[in-house]
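Novice: So here's start-v1.cif (mmCIF, C-alpha atoms).
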data_protein
loop_
_atom_site.label_atom_id
_atom_site.label_comp_id
_atom_site.auth_asym_id
_atom_site.auth_seq_id
_atom_site.Cartn_x
_atom_site.Cartn_y
_atom_site.Cartn_z
CA MET A 646 18.05 -10.30 11.23
CA PRO A 647 15.30 -7.76 11.92
CA ASP A 648 14.50 -6.64 15.42
CA THR A 649 11.32 -8.54 16.33
CA GLN A 650 10.69 -6.58 19.51
CA PRO A 651 6.95 -5.79 19.71
CA PRO A 652 5.99 -2.21 18.89
CA ALA A 653 5.70 0.27 21.71
CA PRO A 654 2.16 1.09 22.84
CA PHE A 655 0.58 3.68 20.59
CA ALA A 656 -3.12 4.01 21.31
CA SER A 657 -5.09 2.04 23.87
CA SER A 658 -8.36 2.38 22.02
CA ARG A 659 -9.91 3.20 18.69
CA ASP A 660 -11.08 6.54 20.12
CA ALA A 661 -7.53 7.50 21.08
CA LEU A 662 -6.30 6.62 17.61
CA VAL A 663 -9.07 8.61 15.93
CA ASP A 664 -8.20 11.61 18.11
CA ARG A 665 -4.56 11.38 17.09
CA ILE A 666 -5.34 11.14 13.38
CA THR A 667 -7.94 13.90 13.33
CA SER A 668 -5.75 16.28 15.34
CA THR A 669 -2.76 15.85 12.99
CA GLU A 670 -2.59 18.16 9.98
CA ILE A 671 -0.68 16.88 6.96
CA ALA A 672 0.40 20.23 5.50
CA GLY A 673 3.37 22.42 4.71
CA SER A 674 6.50 21.40 2.85
CA PRO A 675 7.02 17.79 1.73
CA GLU A 676 9.38 17.28 4.67
CA GLU A 677 6.79 18.64 7.12
CA MET A 678 4.05 16.48 5.63
CA ARG A 679 6.25 13.39 5.85
CA ALA A 680 7.09 14.03 9.48
CA ALA A 681 3.42 14.53 10.38
CA PHE A 682 2.43 11.38 8.49
CA ALA A 683 5.14 9.32 10.19
CA GLY A 684 3.94 10.54 13.58
CA LEU A 685 0.55 8.93 13.06
CA PHE A 686 1.85 5.38 13.20
CA SER A 687 2.97 2.90 15.81
CA GLN A 688 6.43 3.40 17.18
CA ALA A 689 7.67 0.05 15.93
CA PRO A 690 11.43 -0.47 15.64
CA PRO A 691 12.67 0.77 12.26
CA LEU A 692 13.24 -1.96 9.73
CA PRO A 693 16.87 -2.80 8.95
CA ARG A 694 17.95 -1.83 5.43
CA ARG A 695 19.45 -3.86 2.63
CA THR A 696 20.23 -2.73 -0.90
CA ILE A 697 18.61 -4.89 -3.56
CA GLY A 698 18.82 -4.07 -7.24
CA GLY A 699 20.46 -0.78 -6.30
CA VAL A 700 17.47 0.24 -4.17
CA PRO A 701 17.51 0.47 -0.35
CA CYS A 702 14.82 -1.76 1.13
CA GLY A 703 13.42 -2.30 4.59
CA VAL A 704 13.56 -5.96 5.57
CA ALA A 705 11.31 -7.92 7.94
CA GLY A 706 11.29 -11.63 8.63
CA PRO A 707 13.90 -14.39 8.53
CA GLU A 708 16.87 -14.03 6.21
CA ASP A 709 16.22 -17.50 4.77
CA GLY A 710 12.47 -16.98 4.36
CA PRO A 711 10.85 -16.92 0.93
CA PRO A 712 10.87 -13.37 -0.42
CA ALA A 713 7.83 -11.14 -0.76
CA LEU A 714 7.53 -7.48 -1.69
CA TRP A 715 5.51 -4.83 0.15
CA LEU A 716 5.06 -1.55 -1.73
CA HIS A 717 4.13 1.17 0.75
CA GLY A 718 1.51 3.86 0.31
CA GLY A 719 1.56 7.58 0.95
CA GLY A 720 0.61 9.02 -2.42
CA LEU A 721 4.19 8.62 -3.73
CA VAL A 722 4.93 11.68 -1.56
CA LEU A 723 4.79 10.32 2.00
CA GLY A 724 5.65 7.12 3.82
CA SER A 725 8.57 4.75 4.12
CA PRO A 726 9.26 1.18 5.21
CA ASP A 727 9.28 2.47 8.80
CA THR A 728 5.79 4.03 8.76
CA HIS A 729 4.53 0.56 7.86
CA ALA A 730 6.86 -1.44 10.10
CA ALA A 731 4.27 -2.70 12.60
CA ALA A 732 1.99 -4.10 9.89
CA ILE A 733 4.83 -5.51 7.82
CA THR A 734 6.43 -7.21 10.81
CA ARG A 735 3.15 -8.88 11.76
CA VAL A 736 2.73 -10.36 8.28
CA ALA A 737 6.39 -11.43 8.12
CA GLU A 738 6.10 -13.24 11.45
CA ALA A 739 2.84 -14.93 10.46
CA THR A 740 4.12 -16.16 7.10
CA GLY A 741 7.83 -16.72 7.68
CA CYS A 742 8.47 -14.60 4.58
CA ARG A 743 11.37 -12.21 4.19
CA ILE A 744 9.39 -9.11 3.27
CA LEU A 745 11.30 -6.48 1.31
CA VAL A 746 9.96 -2.92 1.28
CA PRO A 747 11.54 -0.69 -1.38
CA ASP A 748 12.40 2.73 0.03
CA TYR A 749 11.65 4.26 -3.36
CA PRO A 750 12.29 7.95 -4.10
CA LEU A 751 9.42 10.28 -3.30
CA ALA A 752 7.72 13.09 -5.18
CA PRO A 753 7.90 15.98 -5.78
CA GLU A 754 11.70 15.65 -5.64
CA ARG A 755 11.48 12.63 -7.95
CA VAL A 756 8.47 12.15 -10.20
CA TRP A 757 6.87 9.18 -11.92
CA PRO A 758 8.07 6.75 -13.23
CA THR A 759 11.03 6.87 -10.82
CA GLN A 760 9.00 5.04 -8.15
CA ARG A 761 7.83 2.35 -10.57
CA ASP A 762 11.35 1.80 -11.87
CA ALA A 763 12.79 1.43 -8.36
CA CYS A 764 10.20 -1.23 -7.47
CA LEU A 765 10.82 -3.04 -10.77
CA ALA A 766 14.56 -3.04 -10.05
CA VAL A 767 13.98 -4.80 -6.74
CA LEU A 768 11.66 -7.38 -8.32
CA ASP A 769 14.13 -8.00 -11.16
CA ALA A 770 16.94 -8.61 -8.66
CA LEU A 771 15.02 -11.43 -6.94
CA ARG A 772 15.01 -15.01 -8.07
CA GLY A 773 11.79 -16.57 -9.21
CA PRO A 774 8.20 -15.38 -8.80
CA VAL A 775 7.22 -13.60 -5.58
CA PRO A 776 4.00 -12.39 -3.96
CA VAL A 777 3.48 -8.63 -3.80
CA ILE A 778 1.55 -6.63 -1.20
CA GLY A 779 0.63 -3.00 -1.84
CA ASP A 780 -1.32 -0.46 0.16
CA SER A 781 -2.95 2.67 -1.29
CA VAL A 782 -0.69 3.92 -4.10
CA GLY A 783 1.47 0.91 -3.30
CA GLY A 784 -1.46 -1.12 -4.61
CA GLN A 785 -1.20 0.84 -7.85
CA LEU A 786 2.52 0.05 -7.97
CA ALA A 787 1.83 -3.64 -7.29
CA LEU A 788 -0.62 -3.82 -10.19
CA VAL A 789 1.87 -2.11 -12.49
CA LEU A 790 4.55 -4.65 -11.54
CA ALA A 791 2.14 -7.49 -12.36
CA PHE A 792 1.38 -5.91 -15.76
CA ARG A 793 5.04 -5.28 -16.60
CA ARG A 794 6.42 -8.59 -15.37
CA PRO A 795 3.87 -11.28 -16.26
CA GLY A 796 4.55 -14.49 -14.35
CA ARG A 797 6.90 -12.86 -11.83
CA VAL A 798 4.13 -11.96 -9.36
CA THR A 799 2.49 -15.04 -7.86
CA ARG A 800 -0.15 -13.26 -5.76
CA LEU A 801 -1.34 -9.72 -5.21
CA ALA A 802 -2.62 -8.52 -1.83
CA LEU A 803 -3.99 -4.99 -2.22
CA ILE A 804 -4.97 -2.88 0.81
CA SER A 805 -7.04 0.25 0.03
CA PRO A 806 -5.58 0.30 -3.50
CA ASN A 807 -5.55 3.47 -5.59
CA THR A 808 -6.60 2.17 -9.01
CA ASP A 809 -8.76 4.65 -10.93
CA ARG A 810 -8.11 8.35 -11.63
CA THR A 811 -10.65 8.60 -14.47
CA GLY A 812 -13.55 9.91 -12.37
CA ARG A 813 -15.82 6.86 -12.26
CA SER A 814 -15.67 6.41 -8.50
CA THR A 815 -18.75 7.31 -6.48
CA THR A 816 -16.84 7.30 -3.17
CA ARG A 817 -13.96 9.72 -3.77
CA GLY A 818 -16.01 12.73 -2.76
CA ARG A 819 -17.44 11.25 0.42
CA GLU A 820 -16.78 12.53 3.91
CA GLY A 821 -15.78 10.42 6.88
CA ASP A 822 -12.42 9.05 5.75
CA ILE A 823 -10.16 10.44 8.48
CA MET A 824 -6.98 9.41 6.63
CA ASN A 825 -7.69 10.61 3.12
CA ASP A 826 -9.74 13.06 1.10
CA ASP A 827 -10.22 13.68 -2.60
CA GLU A 828 -8.47 17.06 -2.63
CA GLY A 829 -5.39 15.68 -0.92
CA ASP A 830 -5.29 12.61 -3.14
CA ARG A 831 -5.48 14.78 -6.25
CA GLY A 832 -2.77 17.04 -4.88
CA PHE A 833 -0.36 14.15 -4.37
CA ALA A 834 -1.18 12.87 -7.87
CA ARG A 835 -0.24 16.25 -9.35
CA MET A 836 3.06 16.18 -7.46
CA ALA A 837 3.89 12.66 -8.64
CA PHE A 838 2.34 12.35 -12.11
CA GLY A 839 2.20 15.94 -13.31
CA GLU A 840 0.10 16.13 -16.48
CA ALA A 841 0.09 12.38 -17.14
CA ASN A 842 -3.02 11.04 -18.86
CA PRO A 843 -5.37 9.59 -16.21
CA ARG A 844 -6.35 6.91 -18.74
CA ASP A 845 -2.80 5.58 -18.86
CA PRO A 846 -3.11 2.05 -17.40
CA GLU A 847 -0.17 2.75 -15.11
CA VAL A 848 -1.86 5.86 -13.70
CA SER A 849 -5.26 4.10 -13.54
CA PRO A 850 -4.37 0.40 -13.47
CA ILE A 851 -8.05 -0.58 -13.52
CA LEU A 852 -7.65 0.04 -17.29
CA GLY A 853 -4.87 -2.54 -17.58
CA GLU A 854 -4.98 -6.18 -18.67
CA LEU A 855 -6.88 -7.40 -15.63
CA GLY A 856 -7.56 -10.89 -16.93
CA ALA A 857 -3.84 -11.68 -16.72
CA LEU A 858 -3.56 -10.84 -13.02
CA PRO A 859 -2.43 -13.55 -10.60
CA PRO A 860 -4.74 -14.51 -7.71
CA THR A 861 -5.62 -11.21 -6.06
CA LEU A 862 -6.93 -10.21 -2.62
CA ILE A 863 -8.47 -6.74 -2.30
CA LEU A 864 -9.23 -5.21 1.11
CA THR A 865 -11.17 -1.97 1.46
CA ALA A 866 -12.76 0.03 4.27
CA GLY A 867 -16.37 1.13 4.36
CA ALA A 868 -15.65 4.81 5.03
CA GLU A 869 -12.67 5.38 2.76
CA ILE A 870 -12.78 7.50 -0.36
CA LEU A 871 -10.97 4.79 -2.35
CA GLN A 872 -13.52 2.08 -1.64
CA ASP A 873 -14.80 2.18 -5.22
CA ASP A 874 -11.22 1.94 -6.49
CA GLY A 875 -10.97 -1.46 -4.85
CA LEU A 876 -14.50 -2.70 -5.49
CA LEU A 877 -14.56 -1.65 -9.15
CA LEU A 878 -11.20 -3.35 -9.63
CA ALA A 879 -12.57 -6.55 -8.08
CA HIS A 880 -15.64 -6.42 -10.31
CA GLU A 881 -13.81 -5.73 -13.57
CA ALA A 882 -10.97 -8.16 -12.86
CA SER A 883 -13.49 -10.89 -12.09
CA LEU A 884 -15.34 -10.18 -15.34
CA ALA A 885 -12.01 -10.42 -17.16
CA GLY A 886 -11.43 -13.89 -15.70
CA ALA A 887 -9.03 -13.16 -12.84
CA ASP A 888 -9.20 -15.00 -9.52
CA VAL A 889 -10.20 -12.20 -7.13
CA THR A 890 -11.29 -12.15 -3.49
CA ALA A 891 -12.59 -8.87 -2.03
CA ARG A 892 -13.43 -7.95 1.55
CA ALA A 893 -14.71 -4.67 2.99
CA TRP A 894 -14.49 -3.59 6.64
CA PRO A 895 -17.47 -1.38 7.55
CA GLY A 896 -16.93 1.89 9.37
CA LEU A 897 -13.15 2.04 8.98
CA TRP A 898 -10.88 4.40 7.12
CA HIS A 899 -8.08 4.35 4.58
CA LEU A 900 -5.07 2.22 5.56
CA TRP A 901 -6.63 0.92 8.78
CA PRO A 902 -4.40 -2.22 8.80
CA LEU A 903 -1.36 -0.08 9.62
CA TRP A 904 -2.41 0.08 13.31
CA PRO A 905 -2.34 -3.54 14.52
CA ASP A 906 -1.52 -2.40 18.07
CA ALA A 907 -4.68 -0.30 18.28
CA LEU A 908 -7.32 -1.91 16.06
CA PRO A 909 -8.43 -5.55 16.22
CA GLU A 910 -9.76 -5.04 12.70
CA ALA A 911 -6.22 -4.22 11.58
CA CYS A 912 -4.98 -7.51 13.01
CA ALA A 913 -7.81 -9.37 11.27
CA ALA A 914 -6.99 -7.76 7.93
CA LEU A 915 -3.26 -8.50 8.23
CA ASP A 916 -3.96 -12.07 9.23
CA LEU A 917 -6.11 -12.41 6.11
CA VAL A 918 -3.20 -11.13 4.02
CA ALA A 919 -0.86 -13.60 5.72
CA ASP A 920 -3.26 -16.46 5.09
CA PHE A 921 -3.60 -15.45 1.43
CA LEU A 922 0.16 -15.33 0.96
CA GLY A 923 0.55 -18.71 2.62
CA ARG A 924 -1.78 -20.61 0.30
CA ASP A 925 -0.36 -23.04 -2.23
#
Would it be possible to restate this file's structure as structure tokens?

Specialist:
Amino acid sequence: MPDTQPPAPFASSRDALVDRITSTEIAGSPEEMRAAFAGLFSQAPPLPRRTIGGVPCGVAGPEDGPPALWLHGGGLVLGSPDTHAAAITRVAEATGCRILVPDYPLAPERVWPTQRDACLAVLDALRGPVPVIGDSVGGQLALVLAFRRPGRVTRLALISPNTDRTGRSTTRGREGDIMNDDEGDRGFARMAFGEANPRDPEVSPILGELGALPPTLILTAGAEILQDDGLLLAHEASLAGADVTARAWPGLWHLWPLWPDALPEACAALDLVADFLGRD
């Protein structure tokens, strides 16, 4: 059973959180970048691990709860189940789901499609269809799983999804996203995808078979560079006939739901995800 102890205090206000993010440089070696990234988040207890389909996974929620997958973001270079533990635990407690978070290999040590294949292995090891949550590049992974395993994904909840590397976005070059910028996003993509064609539907899943998607929730922030990635996906998936709900939070930045102990807007977004997963 996971430790359900509430996370330790992290930031008493939005201003304190903004100061912490803006004063932290994500630079250096991959190990240094990962340590800096991990230091941004709430000091929630680490998620216990379980191997599923040969892949170590963080686990939150009751052992007998219905399974769900959460595919974490970080550009395929950063992040882990533990950087996301506070958000994941909140959704697990609200839904009663047993949320599994693949601790997939990271780039540049392991390049695409290693990450995709690890997430597919976890999905294939589970019985029956399951809902999938994905944040940032985890949203890209979630879409790829839905394309590759039609009928196995019952619902998609996408937080700040990374969906389009073809250059159509009008928001990727904007300033004001304190968690992400276009240069950094492109740098992580080079580490993970190398010279892969940006028009490959797995690199830019907005080019995939969107009409076949299961019911999908897309959450974006008003200041993030990936806002168009989410909103264009919602638009094109809706035109293709998918059941899509989109919501934007003004004034916030990439991955804002990962700080439920500091941002009431994070709690609201995670509660919306929990409600979406809980619908019949």

Novice: What does the PyMOL selection byres ((chain A and resi 704) around 9) select in this file, as a ChimeraX atom specification?

Specialist: /A:646-647,692-695,702-703,705-708,726,734,743-747

Novice: Pick the closest to Ala834 (chain A) from A:Ser849, A:Thr865, A:Thr740, A:Thr669: which is it, counting only C-alpha atoms?

Specialist: A:Ser849

Novice: Excluding Gly684 (chain A) and its own-chain neighbours fewer than 3 positions away, which residues fall within 10 Å of it when counting all atoms listed in the file? Please give them as a PyMOL selection string.

Specialist: chain A and resi 665-666+669+678-681+687-688+728

Novice: Could you name the residues that touch Ser805 (chain A) at 7 Å or less, counting only C-alpha atoms, but leaving out those on the same chain fewer than 5 positions away, as a compact mmCIF listing (two decimals) with C-alpha atoms, in the frame of the given file?

Specialist:
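Result file selection-v7.txt:
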# COMPACT_ATOMS: atom_id res chain seq x y z
CA ASP A 780 -1.32 -0.46 0.16
CA SER A 781 -2.95 2.67 -1.29
CA LEU A 864 -9.23 -5.21 1.11
CA THR A 865 -11.17 -1.97 1.46
CA LEU A 871 -10.97 4.79 -2.35
CA GLN A 872 -13.52 2.08 -1.64
CA GLY A 875 -10.97 -1.46 -4.85
CA HIS A 899 -8.08 4.35 4.58
CA LEU A 900 -5.07 2.22 5.56

Novice: Just to confirm, what's the straight-line distance from CA of Trp715 (chain A) to CA of Val775 (chain A) in Å (one decimal)?

Specialist: 10.6 Å

Novice: Between A:Leu903, A:Ala730, A:Ala887, A:Leu858, which has the minimum distance to Gly796 (chain A) (counting all atoms listed in the file)?

Specialist: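 Smallest separation from Gly796 (chain A) among the options: A:Leu858.
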
Novice: Identify which of the residues A:Asp709, A:Glu677, A:Trp904, A:Gly724 lies closest to Ala689 (chain A), counting only C-alpha atoms when measuring atom-to-atom distances.

Specialist: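 Using only C-alpha atoms, the shortest distance to Ala689 (chain A) belongs to A:Trp904.
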
Novice: Could you list the residues chosen by the PyMOL selection byres ((chain A and resi 761) around 10) in this structure as a list of chain:residue names?

Specialist: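 When the PyMOL selection byres ((chain A and resi 761) around 10) is applied to the shown file, the picked residues are A:Leu721, A:Tyr749, A:Pro750, A:Val756, A:Trp757, A:Pro758, A:Thr759, A:Gln760, A:Asp762, A:Ala763, A:Cys764, A:Leu765, A:Ala766, A:Gly783, A:Gln785, A:Leu786, A:Ala787, A:Val789, A:Leu790, A:Glu847.
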
Novice: Distance CA of Leu897 (chain A)-CA of Asp916 (chain A), one decimal place?

Specialist: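 The value is 16.8 Å.
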
Novice: Just checking: using all atoms listed in the file, which residue out of A:Gly710, A:Gly896, A:Gly784, A:Pro753 ends up closest to Ala739 (chain A)?

Specialist: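 Closest candidate: A:Gly710.
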
Novice: Just the number, please: distance in Å from CA of Arg755 (chain A) to CA of Pro701 (chain A), one decimal.

Specialist: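 Separation of CA of Arg755 (chain A) and CA of Pro701 (chain A): 15.6 Å.
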
Novice: Counting all atoms listed in the file, which residue out of A:Leu662, A:Asp769, A:Gly856, A:Pro806 sits closest to Asp906 (chain A)?

Specialist: A:Leu662

Novice: Under the rule that only C-alpha atoms are counted, which of A:Gly741, A:Gly886, A:Pro843, A:Pro774 is the nearest residue to Arg797 (chain A)?

Specialist: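 Of A:Gly741, A:Gly886, A:Pro843, A:Pro774, the one nearest Arg797 (chain A), counting only C-alpha atoms, is A:Pro774.
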
Novice: If you apply the PyMOL selection byres ((chain A and resi 879) around 10) to this file, what residues do you get, as a VMD selection string?

Specialist: chain A and resid 851 855 861 to 864 873 to 878 880 to 885 887 to 892
